[in-house]
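Reading through the structure tokens given below for one structure.
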Amino acid sequence: MPNWTLKQLESFVWVAKLGSFRATAERLNTTQPNISVRISQLESVLGVRLFHRDSGSVALTPNGHSLLAQAERVLQASEEFSQQSIRSDQQIGVLRLGVAELIAQTWLHEFLLDLRQVFPNVDVELKVDLTLNLREELVSRSLDLCLLNGPISNFNITNLDLGSVPYLWTASPRLGLAGPADIATLAGHSILTHARSTRHFVELSAHFRDLWEKPVRIVPSSSLSACLQMTLDGLGIAPLPRTLVARELAAGTLVEIAYDWMPSALAFTASFAHTPASFLLRRSAELAMERAAKRH
């Protein structure tokens, strides 16, 4: 029987995914020399070369490619075997969690309480950012789990559906815009919206460009909370996610504008890398899905 170890297989899989001995060492909380030793020992046991190493770059050899899927299956089976005897309250470690701002502004606190109840010994490192940035960090493995505008189209990412949130047009009551409005009415005000890098901004800009000949003042912001506050202050009108403004609409500090076009609803997913397999990541994503379902 080959005398390889699970740590060697784990290092092999992570180097293949990250393309770097140094990044793998950081991910596995060890040193780069340790990772190099594990890979060399695994190559010696298997009698094949797994990686091409050239000026700091790392690439799988044909043998490495053919063995990677098998190594992943072994690690997944090991993870599943281990989880049969480890309760959730015995899980320890750190969950690097990335969250889109809308979720951070609405049900994140409830989700964090769910996590603490199920995984009391797991610490959460939280990052709230634009989905564009969260996607990059998840794919590069700088984050473990993201609740964001998804899904992410990547063969190595699993996406669990968190539902969608529709928009509605809102304004401060002091602007006198409650009720039906046409495009001319909206174009007479500053349109407050998401950052330029978002689909929302692109859709909004295209709508007014296609249907209104005159320039329209579209004011982007990378912060939803800032956009909401500017709308409350009467600095413009905004299509905002319904869940974000429910309290303000109920209190009368915002009113809904009835306009016959709306940006596409925001679809959210709990997204995580499924290799190597992790009970913590999958169960945390499932908890997010359960919490989102309670909010809809």
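Residue numbers start at 1 in each chain; chains themselves are named A, B, ... in the order of the structure tokens; ligands are numbered from 1 in the order shown.
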Can you list every residue in range 13-116 of chain A that DSSP puts in alpha helix (DSSP H), as a VMD selection string? chain A and resid 13 to 18 21 to 27 32 to 46 62 to 83 101 to 106 108 to 116
Would you mind writing down, as a count of residues only, each residue of range 29-102 of chain A that DSSP on the backbone assigns to strand (DSSP E or B)? 15
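The shortest atom-to-atom distance to Ile157 in chain A, with only C-alpha atoms taken into account, belongs to A:Ala273 out of A:Ala273, A:Leu115, A:Val122, A:Val219.
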Excluding range 43-46 of chain A and residues on its chain fewer than 4 positions from it, collect all residues at most 8 Å away from it, counting only C-alpha atoms, and give them as a ChimeraX atom specification. /A:2-4,39,50
Put those residues in a file: N, CA and C atoms, as a short mmCIF file (atom, residue, chain, number, x, y, z; two decimals), in the first residue's frame.
data_model
loop_
_atom_site.label_atom_id
_atom_site.label_comp_id
_atom_site.auth_asym_id
_atom_site.auth_seq_id
_atom_site.Cartn_x
_atom_site.Cartn_y
_atom_site.Cartn_z
N PRO A 2 0.61 2.21 -0.87
CA PRO A 2 1.43 3.43 -0.92
C PRO A 2 1.46 4.14 0.42
N ASN A 3 2.61 4.65 0.81
CA ASN A 3 2.78 5.27 2.11
C ASN A 3 2.62 6.79 2.02
N TRP A 4 1.52 7.23 1.39
CA TRP A 4 1.25 8.67 1.34
C TRP A 4 0.36 9.05 2.53
N ILE A 39 4.98 17.75 -1.04
CA ILE A 39 4.79 17.46 -2.46
C ILE A 39 5.91 16.54 -2.96
N LEU A 50 4.33 15.60 -10.20
CA LEU A 50 2.99 16.18 -10.16
C LEU A 50 2.93 17.60 -10.69
#
Go through range 107-197 of chain A residue by residue and, counting only C-alpha atoms, keep those with an atom at most 6 Å from range 220-223 of chain A; for each kept residue give the shortest atom pair and its distance in Å to one decimal, ordered by chain and increasing number, as a tab-separated table.
residue	atom	partner	partner_atom	distance
A:Thr193	CA	A:Pro220	CA	4.8
A:His194	CA	A:Ser221	CA	5.1
A:Ala195	CA	A:Ser222	CA	4.6
Deliver the residues from the most recent selection as a file, using N, CA and C atoms, as a tab-separated table (two decimals), in the first residue's frame.
chain	number	residue	atom	x	y	z
A	193	THR	N	-27.98	55.63	-7.41
A	193	THR	CA	-27.90	54.22	-7.78
A	193	THR	C	-26.61	53.57	-7.28
A	194	HIS	N	-26.44	52.29	-7.62
A	194	HIS	CA	-25.26	51.51	-7.24
A	194	HIS	C	-24.01	51.98	-7.99
A	195	ALA	N	-22.90	51.37	-7.61
A	195	ALA	CA	-21.61	51.72	-8.23
A	195	ALA	C	-21.60	51.42	-9.73
Can you list, as a ChimeraX atom specification, every protein, DNA or RNA residue that comes within 10 Å of Leu143 in chain A when you count only C-alpha atoms, leaving out same-chain residues fewer than 5 positions away? /A:95-98,125-127,134-138,272-273
From the options A:Asp144, A:Glu10, A:Asp210, A:Glu110, which residue's atoms come nearest to Arg38 in chain A, counting only C-alpha atoms? A:Glu10
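Put simply, CA of Ala25 in chain A is 24.4 Å away from CA of Ser284 in chain A.
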List the neighbours of Pro241 in chain A out to 12 Å using only C-alpha atoms; skip same-chain residues closer than 4 positions along the sequence, and give me the result as a PDB file with all heavy atoms, in the first residue's frame.
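Below is the file result-v7.pdb, written as the result:
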ATOM      1  N   GLU A 101     -23.536  44.075   0.634  1.00  0.00           N
ATOM      2  CA  GLU A 101     -24.026  45.058   1.594  1.00  0.00           C
ATOM      3  C   GLU A 101     -25.507  44.907   1.912  1.00  0.00           C
ATOM      4  O   GLU A 101     -25.919  45.098   3.062  1.00  0.00           O
ATOM      5  CB  GLU A 101     -23.757  46.478   1.089  1.00  0.00           C
ATOM      6  CG  GLU A 101     -24.081  47.539   2.138  1.00  0.00           C
ATOM      7  CD  GLU A 101     -23.888  48.958   1.642  1.00  0.00           C
ATOM      8  OE1 GLU A 101     -23.587  49.147   0.443  1.00  0.00           O
ATOM      9  OE2 GLU A 101     -24.063  49.885   2.443  1.00  0.00           O
ATOM     10  N   LEU A 102     -26.327  44.560   0.928  1.00  0.00           N
ATOM     11  CA  LEU A 102     -27.760  44.440   1.206  1.00  0.00           C
ATOM     12  C   LEU A 102     -28.029  43.395   2.277  1.00  0.00           C
ATOM     13  O   LEU A 102     -28.847  43.616   3.183  1.00  0.00           O
ATOM     14  CB  LEU A 102     -28.520  44.091  -0.070  1.00  0.00           C
ATOM     15  CG  LEU A 102     -30.036  43.905   0.117  1.00  0.00           C
ATOM     16  CD1 LEU A 102     -30.677  45.171   0.659  1.00  0.00           C
ATOM     17  CD2 LEU A 102     -30.695  43.496  -1.197  1.00  0.00           C
ATOM     18  N   ILE A 103     -27.351  42.269   2.202  1.00  0.00           N
ATOM     19  CA  ILE A 103     -27.521  41.243   3.235  1.00  0.00           C
ATOM     20  C   ILE A 103     -26.979  41.750   4.562  1.00  0.00           C
ATOM     21  O   ILE A 103     -27.573  41.512   5.623  1.00  0.00           O
ATOM     22  CB  ILE A 103     -26.829  39.935   2.808  1.00  0.00           C
ATOM     23  CG1 ILE A 103     -27.564  39.339   1.603  1.00  0.00           C
ATOM     24  CG2 ILE A 103     -26.780  38.942   3.962  1.00  0.00           C
ATOM     25  CD1 ILE A 103     -26.940  38.082   1.057  1.00  0.00           C
ATOM     26  N   GLN A 105     -27.046  44.696   5.594  1.00  0.00           N
ATOM     27  CA  GLN A 105     -27.982  45.687   6.116  1.00  0.00           C
ATOM     28  C   GLN A 105     -29.310  45.073   6.577  1.00  0.00           C
ATOM     29  O   GLN A 105     -30.096  45.743   7.229  1.00  0.00           O
ATOM     30  CB  GLN A 105     -28.284  46.734   5.035  1.00  0.00           C
ATOM     31  CG  GLN A 105     -27.119  47.602   4.633  1.00  0.00           C
ATOM     32  CD  GLN A 105     -26.832  48.693   5.651  1.00  0.00           C
ATOM     33  OE1 GLN A 105     -27.680  49.027   6.464  1.00  0.00           O
ATOM     34  NE2 GLN A 105     -25.637  49.250   5.614  1.00  0.00           N
ATOM     35  N   THR A 106     -29.552  43.811   6.239  1.00  0.00           N
ATOM     36  CA  THR A 106     -30.862  43.227   6.524  1.00  0.00           C
ATOM     37  C   THR A 106     -30.793  42.031   7.475  1.00  0.00           C
ATOM     38  O   THR A 106     -31.117  42.148   8.648  1.00  0.00           O
ATOM     39  CB  THR A 106     -31.590  42.853   5.220  1.00  0.00           C
ATOM     40  OG1 THR A 106     -30.715  42.071   4.388  1.00  0.00           O
ATOM     41  CG2 THR A 106     -31.998  44.113   4.456  1.00  0.00           C
ATOM     42  N   SER A 164     -34.328  36.074  -4.375  1.00  0.00           N
ATOM     43  CA  SER A 164     -34.089  37.361  -5.038  1.00  0.00           C
ATOM     44  C   SER A 164     -34.873  38.470  -4.343  1.00  0.00           C
ATOM     45  O   SER A 164     -35.853  38.215  -3.632  1.00  0.00           O
ATOM     46  CB  SER A 164     -34.490  37.296  -6.516  1.00  0.00           C
ATOM     47  OG  SER A 164     -35.859  36.993  -6.639  1.00  0.00           O
ATOM     48  N   VAL A 165     -34.413  39.694  -4.562  1.00  0.00           N
ATOM     49  CA  VAL A 165     -35.032  40.870  -3.946  1.00  0.00           C
ATOM     50  C   VAL A 165     -35.385  41.870  -5.042  1.00  0.00           C
ATOM     51  O   VAL A 165     -34.497  42.356  -5.747  1.00  0.00           O
ATOM     52  CB  VAL A 165     -34.080  41.539  -2.923  1.00  0.00           C
ATOM     53  CG1 VAL A 165     -34.731  42.779  -2.320  1.00  0.00           C
ATOM     54  CG2 VAL A 165     -33.695  40.551  -1.829  1.00  0.00           C
ATOM     55  N   PRO A 166     -36.675  42.202  -5.220  1.00  0.00           N
ATOM     56  CA  PRO A 166     -37.061  43.167  -6.248  1.00  0.00           C
ATOM     57  C   PRO A 166     -36.756  44.605  -5.819  1.00  0.00           C
ATOM     58  O   PRO A 166     -36.623  44.904  -4.633  1.00  0.00           O
ATOM     59  CB  PRO A 166     -38.565  42.945  -6.375  1.00  0.00           C
ATOM     60  CG  PRO A 166     -38.978  42.469  -5.014  1.00  0.00           C
ATOM     61  CD  PRO A 166     -37.836  41.643  -4.503  1.00  0.00           C
ATOM     62  N   TYR A 167     -36.675  45.471  -6.816  1.00  0.00           N
ATOM     63  CA  TYR A 167     -36.492  46.901  -6.561  1.00  0.00           C
ATOM     64  C   TYR A 167     -37.836  47.614  -6.573  1.00  0.00           C
ATOM     65  O   TYR A 167     -38.831  47.105  -7.097  1.00  0.00           O
ATOM     66  CB  TYR A 167     -35.618  47.519  -7.659  1.00  0.00           C
ATOM     67  CG  TYR A 167     -34.152  47.233  -7.529  1.00  0.00           C
ATOM     68  CD1 TYR A 167     -33.569  46.154  -8.183  1.00  0.00           C
ATOM     69  CD2 TYR A 167     -33.329  48.052  -6.756  1.00  0.00           C
ATOM     70  CE1 TYR A 167     -32.208  45.893  -8.077  1.00  0.00           C
ATOM     71  CE2 TYR A 167     -31.978  47.804  -6.645  1.00  0.00           C
ATOM     72  CZ  TYR A 167     -31.421  46.722  -7.305  1.00  0.00           C
ATOM     73  OH  TYR A 167     -30.080  46.473  -7.194  1.00  0.00           O
ATOM     74  N   LEU A 168     -37.840  48.801  -5.992  1.00  0.00           N
ATOM     75  CA  LEU A 168     -38.946  49.733  -6.188  1.00  0.00           C
ATOM     76  C   LEU A 168     -38.392  51.152  -6.177  1.00  0.00           C
ATOM     77  O   LEU A 168     -37.355  51.421  -5.580  1.00  0.00           O
ATOM     78  CB  LEU A 168     -40.041  49.548  -5.132  1.00  0.00           C
ATOM     79  CG  LEU A 168     -39.669  49.576  -3.644  1.00  0.00           C
ATOM     80  CD1 LEU A 168     -39.563  50.997  -3.121  1.00  0.00           C
ATOM     81  CD2 LEU A 168     -40.735  48.827  -2.851  1.00  0.00           C
ATOM     82  N   TRP A 169     -39.072  52.030  -6.894  1.00  0.00           N
ATOM     83  CA  TRP A 169     -38.633  53.424  -6.964  1.00  0.00           C
ATOM     84  C   TRP A 169     -39.099  54.153  -5.700  1.00  0.00           C
ATOM     85  O   TRP A 169     -40.257  54.051  -5.298  1.00  0.00           O
ATOM     86  CB  TRP A 169     -39.211  54.112  -8.191  1.00  0.00           C
ATOM     87  CG  TRP A 169     -38.538  53.712  -9.462  1.00  0.00           C
ATOM     88  CD1 TRP A 169     -38.855  52.674 -10.283  1.00  0.00           C
ATOM     89  CD2 TRP A 169     -37.406  54.350 -10.053  1.00  0.00           C
ATOM     90  NE1 TRP A 169     -37.999  52.606 -11.348  1.00  0.00           N
ATOM     91  CE2 TRP A 169     -37.098  53.627 -11.242  1.00  0.00           C
ATOM     92  CE3 TRP A 169     -36.625  55.456  -9.716  1.00  0.00           C
ATOM     93  CZ2 TRP A 169     -36.045  53.990 -12.077  1.00  0.00           C
ATOM     94  CZ3 TRP A 169     -35.572  55.812 -10.561  1.00  0.00           C
ATOM     95  CH2 TRP A 169     -35.290  55.085 -11.714  1.00  0.00           C
ATOM     96  N   THR A 170     -38.189  54.890  -5.083  1.00  0.00           N
ATOM     97  CA  THR A 170     -38.498  55.571  -3.835  1.00  0.00           C
ATOM     98  C   THR A 170     -38.032  57.023  -3.879  1.00  0.00           C
ATOM     99  O   THR A 170     -37.131  57.390  -4.635  1.00  0.00           O
ATOM    100  CB  THR A 170     -37.821  54.876  -2.642  1.00  0.00           C
ATOM    101  OG1 THR A 170     -36.392  54.900  -2.828  1.00  0.00           O
ATOM    102  CG2 THR A 170     -38.280  53.434  -2.515  1.00  0.00           C
ATOM    103  N   THR A 193     -27.983  55.632  -7.414  1.00  0.00           N
ATOM    104  CA  THR A 193     -27.905  54.218  -7.777  1.00  0.00           C
ATOM    105  C   THR A 193     -26.612  53.573  -7.284  1.00  0.00           C
ATOM    106  O   THR A 193     -25.780  54.225  -6.636  1.00  0.00           O
ATOM    107  CB  THR A 193     -28.027  54.050  -9.303  1.00  0.00           C
ATOM    108  OG1 THR A 193     -28.045  52.671  -9.637  1.00  0.00           O
ATOM    109  CG2 THR A 193     -26.863  54.714 -10.015  1.00  0.00           C
ATOM    110  N   HIS A 194     -26.436  52.286  -7.622  1.00  0.00           N
ATOM    111  CA  HIS A 194     -25.260  51.515  -7.236  1.00  0.00           C
ATOM    112  C   HIS A 194     -24.014  51.977  -7.989  1.00  0.00           C
ATOM    113  O   HIS A 194     -24.079  52.797  -8.899  1.00  0.00           O
ATOM    114  CB  HIS A 194     -25.489  50.026  -7.527  1.00  0.00           C
ATOM    115  CG  HIS A 194     -26.616  49.415  -6.747  1.00  0.00           C
ATOM    116  ND1 HIS A 194     -26.565  49.221  -5.393  1.00  0.00           N
ATOM    117  CD2 HIS A 194     -27.825  48.939  -7.144  1.00  0.00           C
ATOM    118  CE1 HIS A 194     -27.684  48.652  -4.982  1.00  0.00           C
ATOM    119  NE2 HIS A 194     -28.468  48.481  -6.024  1.00  0.00           N
ATOM    120  N   HIS A 200     -26.828  46.810 -12.073  1.00  0.00           N
ATOM    121  CA  HIS A 200     -27.882  47.773 -11.780  1.00  0.00           C
ATOM    122  C   HIS A 200     -27.589  49.120 -12.452  1.00  0.00           C
ATOM    123  O   HIS A 200     -28.458  49.717 -13.094  1.00  0.00           O
ATOM    124  CB  HIS A 200     -27.982  47.945 -10.258  1.00  0.00           C
ATOM    125  CG  HIS A 200     -29.008  48.934  -9.809  1.00  0.00           C
ATOM    126  ND1 HIS A 200     -30.290  48.570  -9.465  1.00  0.00           N
ATOM    127  CD2 HIS A 200     -28.952  50.277  -9.636  1.00  0.00           C
ATOM    128  CE1 HIS A 200     -30.965  49.640  -9.097  1.00  0.00           C
ATOM    129  NE2 HIS A 200     -30.171  50.685  -9.192  1.00  0.00           N
ATOM    130  N   LEU A 224     -24.762  51.204  -0.348  1.00  0.00           N
ATOM    131  CA  LEU A 224     -26.225  51.229  -0.344  1.00  0.00           C
ATOM    132  C   LEU A 224     -26.765  52.094   0.782  1.00  0.00           C
ATOM    133  O   LEU A 224     -27.767  52.798   0.612  1.00  0.00           O
ATOM    134  CB  LEU A 224     -26.765  49.795  -0.194  1.00  0.00           C
ATOM    135  CG  LEU A 224     -27.132  49.032  -1.456  1.00  0.00           C
ATOM    136  CD1 LEU A 224     -27.609  47.637  -1.087  1.00  0.00           C
ATOM    137  CD2 LEU A 224     -28.206  49.769  -2.243  1.00  0.00           C
ATOM    138  N   SER A 225     -26.133  52.033   1.937  1.00  0.00           N
ATOM    139  CA  SER A 225     -26.618  52.826   3.066  1.00  0.00           C
ATOM    140  C   SER A 225     -26.493  54.318   2.786  1.00  0.00           C
ATOM    141  O   SER A 225     -27.360  55.114   3.152  1.00  0.00           O
ATOM    142  CB  SER A 225     -25.854  52.458   4.346  1.00  0.00           C
ATOM    143  OG  SER A 225     -24.460  52.650   4.179  1.00  0.00           O
ATOM    144  N   CYS A 227     -26.588  55.648  -0.248  1.00  0.00           N
ATOM    145  CA  CYS A 227     -27.616  55.902  -1.252  1.00  0.00           C
ATOM    146  C   CYS A 227     -28.980  56.063  -0.584  1.00  0.00           C
ATOM    147  O   CYS A 227     -29.762  56.963  -0.928  1.00  0.00           O
ATOM    148  CB  CYS A 227     -27.641  54.752  -2.258  1.00  0.00           C
ATOM    149  SG  CYS A 227     -28.701  55.022  -3.686  1.00  0.00           S
ATOM    150  N   LEU A 228     -29.271  55.200   0.365  1.00  0.00           N
ATOM    151  CA  LEU A 228     -30.535  55.299   1.107  1.00  0.00           C
ATOM    152  C   LEU A 228     -30.623  56.618   1.858  1.00  0.00           C
ATOM    153  O   LEU A 228     -31.661  57.293   1.829  1.00  0.00           O
ATOM    154  CB  LEU A 228     -30.647  54.123   2.076  1.00  0.00           C
ATOM    155  CG  LEU A 228     -31.809  54.167   3.074  1.00  0.00           C
ATOM    156  CD1 LEU A 228     -33.153  54.239   2.357  1.00  0.00           C
ATOM    157  CD2 LEU A 228     -31.753  52.958   4.004  1.00  0.00           C
ATOM    158  N   VAL A 245     -35.766  49.098   2.239  1.00  0.00           N
ATOM    159  CA  VAL A 245     -36.552  50.313   2.538  1.00  0.00           C
ATOM    160  C   VAL A 245     -37.892  50.003   3.175  1.00  0.00           C
ATOM    161  O   VAL A 245     -38.722  50.906   3.338  1.00  0.00           O
ATOM    162  CB  VAL A 245     -36.767  51.135   1.243  1.00  0.00           C
ATOM    163  CG1 VAL A 245     -35.436  51.623   0.692  1.00  0.00           C
ATOM    164  CG2 VAL A 245     -37.516  50.323   0.196  1.00  0.00           C
ATOM    165  N   ALA A 246     -38.141  48.752   3.567  1.00  0.00           N
ATOM    166  CA  ALA A 246     -39.445  48.389   4.128  1.00  0.00           C
ATOM    167  C   ALA A 246     -39.782  49.223   5.355  1.00  0.00           C
ATOM    168  O   ALA A 246     -40.917  49.713   5.497  1.00  0.00           O
ATOM    169  CB  ALA A 246     -39.457  46.896   4.468  1.00  0.00           C
ATOM    170  N   ARG A 247     -38.823  49.421   6.232  1.00  0.00           N
ATOM    171  CA  ARG A 247     -39.078  50.177   7.460  1.00  0.00           C
ATOM    172  C   ARG A 247     -39.351  51.645   7.155  1.00  0.00           C
ATOM    173  O   ARG A 247     -40.265  52.250   7.736  1.00  0.00           O
ATOM    174  CB  ARG A 247     -37.869  50.043   8.397  1.00  0.00           C
ATOM    175  CG  ARG A 247     -38.049  50.728   9.747  1.00  0.00           C
ATOM    176  CD  ARG A 247     -36.974  50.304  10.709  1.00  0.00           C
ATOM    177  NE  ARG A 247     -35.632  50.375  10.125  1.00  0.00           N
ATOM    178  CZ  ARG A 247     -34.557  49.871  10.700  1.00  0.00           C
ATOM    179  NH1 ARG A 247     -34.653  49.239  11.858  1.00  0.00           N
ATOM    180  NH2 ARG A 247     -33.375  50.001  10.121  1.00  0.00           N
ATOM    181  N   GLU A 248     -38.607  52.215   6.229  1.00  0.00           N
ATOM    182  CA  GLU A 248     -38.806  53.636   5.884  1.00  0.00           C
ATOM    183  C   GLU A 248     -40.157  53.861   5.201  1.00  0.00           C
ATOM    184  O   GLU A 248     -40.818  54.881   5.444  1.00  0.00           O
ATOM    185  CB  GLU A 248     -37.670  54.102   4.974  1.00  0.00           C
ATOM    186  CG  GLU A 248     -36.329  54.287   5.664  1.00  0.00           C
ATOM    187  CD  GLU A 248     -35.618  52.986   5.977  1.00  0.00           C
ATOM    188  OE1 GLU A 248     -36.070  51.929   5.467  1.00  0.00           O
ATOM    189  OE2 GLU A 248     -34.629  53.008   6.718  1.00  0.00           O
ATOM    190  N   LEU A 249     -40.563  52.920   4.366  1.00  0.00           N
ATOM    191  CA  LEU A 249     -41.880  53.044   3.724  1.00  0.00           C
ATOM    192  C   LEU A 249     -42.994  52.962   4.754  1.00  0.00           C
ATOM    193  O   LEU A 249     -43.971  53.718   4.706  1.00  0.00           O
ATOM    194  CB  LEU A 249     -42.055  51.948   2.670  1.00  0.00           C
ATOM    195  CG  LEU A 249     -41.193  52.076   1.401  1.00  0.00           C
ATOM    196  CD1 LEU A 249     -41.328  50.821   0.561  1.00  0.00           C
ATOM    197  CD2 LEU A 249     -41.607  53.307   0.591  1.00  0.00           C
ATOM    198  N   GLU A 256     -43.256  55.363  -2.235  1.00  0.00           N
ATOM    199  CA  GLU A 256     -43.003  54.606  -3.459  1.00  0.00           C
ATOM    200  C   GLU A 256     -43.499  55.380  -4.668  1.00  0.00           C
ATOM    201  O   GLU A 256     -44.586  55.968  -4.652  1.00  0.00           O
ATOM    202  CB  GLU A 256     -43.703  53.247  -3.398  1.00  0.00           C
ATOM    203  CG  GLU A 256     -43.449  52.395  -4.623  1.00  0.00           C
ATOM    204  CD  GLU A 256     -44.030  51.000  -4.517  1.00  0.00           C
ATOM    205  OE1 GLU A 256     -44.592  50.665  -3.446  1.00  0.00           O
ATOM    206  OE2 GLU A 256     -43.936  50.237  -5.502  1.00  0.00           O
ATOM    207  N   MET A 262     -38.360  48.755 -13.969  1.00  0.00           N
ATOM    208  CA  MET A 262     -37.553  48.526 -12.778  1.00  0.00           C
ATOM    209  C   MET A 262     -36.289  47.762 -13.172  1.00  0.00           C
ATOM    210  O   MET A 262     -36.329  46.914 -14.073  1.00  0.00           O
ATOM    211  CB  MET A 262     -38.347  47.682 -11.781  1.00  0.00           C
ATOM    212  CG  MET A 262     -37.944  47.910 -10.334  1.00  0.00           C
ATOM    213  SD  MET A 262     -38.541  49.491  -9.705  1.00  0.00           S
ATOM    214  CE  MET A 262     -40.298  49.222  -9.779  1.00  0.00           C
ATOM    215  N   PRO A 263     -35.164  48.040 -12.534  1.00  0.00           N
ATOM    216  CA  PRO A 263     -33.984  47.194 -12.775  1.00  0.00           C
ATOM    217  C   PRO A 263     -34.275  45.746 -12.387  1.00  0.00           C
ATOM    218  O   PRO A 263     -35.184  45.476 -11.593  1.00  0.00           O
ATOM    219  CB  PRO A 263     -32.913  47.805 -11.853  1.00  0.00           C
ATOM    220  CG  PRO A 263     -33.400  49.192 -11.559  1.00  0.00           C
ATOM    221  CD  PRO A 263     -34.894  49.128 -11.579  1.00  0.00           C
ATOM    222  N   SER A 264     -33.501  44.823 -12.925  1.00  0.00           N
ATOM    223  CA  SER A 264     -33.675  43.410 -12.605  1.00  0.00           C
ATOM    224  C   SER A 264     -33.525  43.173 -11.104  1.00  0.00           C
ATOM    225  O   SER A 264     -32.701  43.811 -10.441  1.00  0.00           O
ATOM    226  CB  SER A 264     -32.645  42.557 -13.343  1.00  0.00           C
ATOM    227  OG  SER A 264     -32.742  42.720 -14.734  1.00  0.00           O
ATOM    228  N   ALA A 265     -34.332  42.245 -10.587  1.00  0.00           N
ATOM    229  CA  ALA A 265     -34.237  41.903  -9.172  1.00  0.00           C
ATOM    230  C   ALA A 265     -32.842  41.370  -8.849  1.00  0.00           C
ATOM    231  O   ALA A 265     -32.167  40.768  -9.694  1.00  0.00           O
ATOM    232  CB  ALA A 265     -35.301  40.870  -8.818  1.00  0.00           C
ATOM    233  N   LEU A 266     -32.408  41.573  -7.621  1.00  0.00           N
ATOM    234  CA  LEU A 266     -31.110  41.085  -7.174  1.00  0.00           C
ATOM    235  C   LEU A 266     -31.228  39.625  -6.752  1.00  0.00           C
ATOM    236  O   LEU A 266     -31.998  39.294  -5.840  1.00  0.00           O
ATOM    237  CB  LEU A 266     -30.615  41.909  -5.984  1.00  0.00           C
ATOM    238  CG  LEU A 266     -30.089  43.321  -6.278  1.00  0.00           C
ATOM    239  CD1 LEU A 266     -29.882  44.067  -4.971  1.00  0.00           C
ATOM    240  CD2 LEU A 266     -28.784  43.253  -7.060  1.00  0.00           C
ATOM    241  N   ALA A 267     -30.501  38.738  -7.408  1.00  0.00           N
ATOM    242  CA  ALA A 267     -30.474  37.329  -7.036  1.00  0.00           C
ATOM    243  C   ALA A 267     -29.240  37.076  -6.166  1.00  0.00           C
ATOM    244  O   ALA A 267     -28.147  37.560  -6.468  1.00  0.00           O
ATOM    245  CB  ALA A 267     -30.428  36.451  -8.277  1.00  0.00           C
TER     246      ALA A 267
END
May I have the residues within 12 Å of Arg22 in chain A as a ChimeraX atom specification, using only C-alpha atoms and disregarding those fewer than 6 positions away in the same chain? /A:11,14-15,28-36,56-58
Selection from above, N, CA and C atoms, as a PDB file, in the first residue's frame, can you write it?
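The resulting file, part-v8.pdb, is shown below:
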ATOM      1  N   SER A  11      -2.120  19.032   0.517  1.00  0.00           N
ATOM      2  CA  SER A  11      -1.191  20.021  -0.050  1.00  0.00           C
ATOM      3  C   SER A  11      -1.205  19.961  -1.573  1.00  0.00           C
ATOM      4  N   TRP A  14      -4.407  21.666  -2.853  1.00  0.00           N
ATOM      5  CA  TRP A  14      -4.407  23.122  -2.690  1.00  0.00           C
ATOM      6  C   TRP A  14      -3.398  23.803  -3.617  1.00  0.00           C
ATOM      7  N   VAL A  15      -2.238  23.202  -3.804  1.00  0.00           N
ATOM      8  CA  VAL A  15      -1.275  23.791  -4.743  1.00  0.00           C
ATOM      9  C   VAL A  15      -1.858  23.798  -6.146  1.00  0.00           C
ATOM     10  N   LEU A  28      -2.980  26.677   4.591  1.00  0.00           N
ATOM     11  CA  LEU A  28      -2.925  25.531   5.497  1.00  0.00           C
ATOM     12  C   LEU A  28      -2.177  25.841   6.790  1.00  0.00           C
ATOM     13  N   ASN A  29      -1.861  27.126   6.978  1.00  0.00           N
ATOM     14  CA  ASN A  29      -1.239  27.583   8.220  1.00  0.00           C
ATOM     15  C   ASN A  29       0.073  26.847   8.513  1.00  0.00           C
ATOM     16  N   THR A  30       0.915  26.769   7.498  1.00  0.00           N
ATOM     17  CA  THR A  30       2.223  26.154   7.670  1.00  0.00           C
ATOM     18  C   THR A  30       3.232  26.969   6.870  1.00  0.00           C
ATOM     19  N   THR A  31       4.402  26.395   6.607  1.00  0.00           N
ATOM     20  CA  THR A  31       5.442  27.125   5.888  1.00  0.00           C
ATOM     21  C   THR A  31       5.580  26.598   4.460  1.00  0.00           C
ATOM     22  N   GLN A  32       6.136  27.432   3.597  1.00  0.00           N
ATOM     23  CA  GLN A  32       6.352  27.013   2.209  1.00  0.00           C
ATOM     24  C   GLN A  32       7.292  25.808   2.116  1.00  0.00           C
ATOM     25  N   PRO A  33       8.392  25.759   2.906  1.00  0.00           N
ATOM     26  CA  PRO A  33       9.242  24.562   2.863  1.00  0.00           C
ATOM     27  C   PRO A  33       8.487  23.280   3.236  1.00  0.00           C
ATOM     28  N   ASN A  34       7.559  23.377   4.192  1.00  0.00           N
ATOM     29  CA  ASN A  34       6.778  22.197   4.569  1.00  0.00           C
ATOM     30  C   ASN A  34       5.936  21.703   3.398  1.00  0.00           C
ATOM     31  N   ILE A  35       5.334  22.648   2.674  1.00  0.00           N
ATOM     32  CA  ILE A  35       4.516  22.271   1.520  1.00  0.00           C
ATOM     33  C   ILE A  35       5.399  21.623   0.452  1.00  0.00           C
ATOM     34  N   SER A  36       6.564  22.194   0.215  1.00  0.00           N
ATOM     35  CA  SER A  36       7.494  21.629  -0.781  1.00  0.00           C
ATOM     36  C   SER A  36       7.908  20.205  -0.407  1.00  0.00           C
ATOM     37  N   GLY A  56       9.274  30.195 -10.016  1.00  0.00           N
ATOM     38  CA  GLY A  56       8.229  30.553  -9.065  1.00  0.00           C
ATOM     39  C   GLY A  56       6.832  30.152  -9.484  1.00  0.00           C
ATOM     40  N   SER A  57       6.628  29.822 -10.759  1.00  0.00           N
ATOM     41  CA  SER A  57       5.308  29.400 -11.205  1.00  0.00           C
ATOM     42  C   SER A  57       5.158  27.894 -11.039  1.00  0.00           C
ATOM     43  N   VAL A  58       3.922  27.456 -10.861  1.00  0.00           N
ATOM     44  CA  VAL A  58       3.628  26.043 -10.637  1.00  0.00           C
ATOM     45  C   VAL A  58       2.495  25.639 -11.560  1.00  0.00           C
TER      46      VAL A  58
END
Could you state the separation of CA of Ile257 in chain A and CA of Thr185 in chain A in Å, given to one decimal place? 10.4 Å
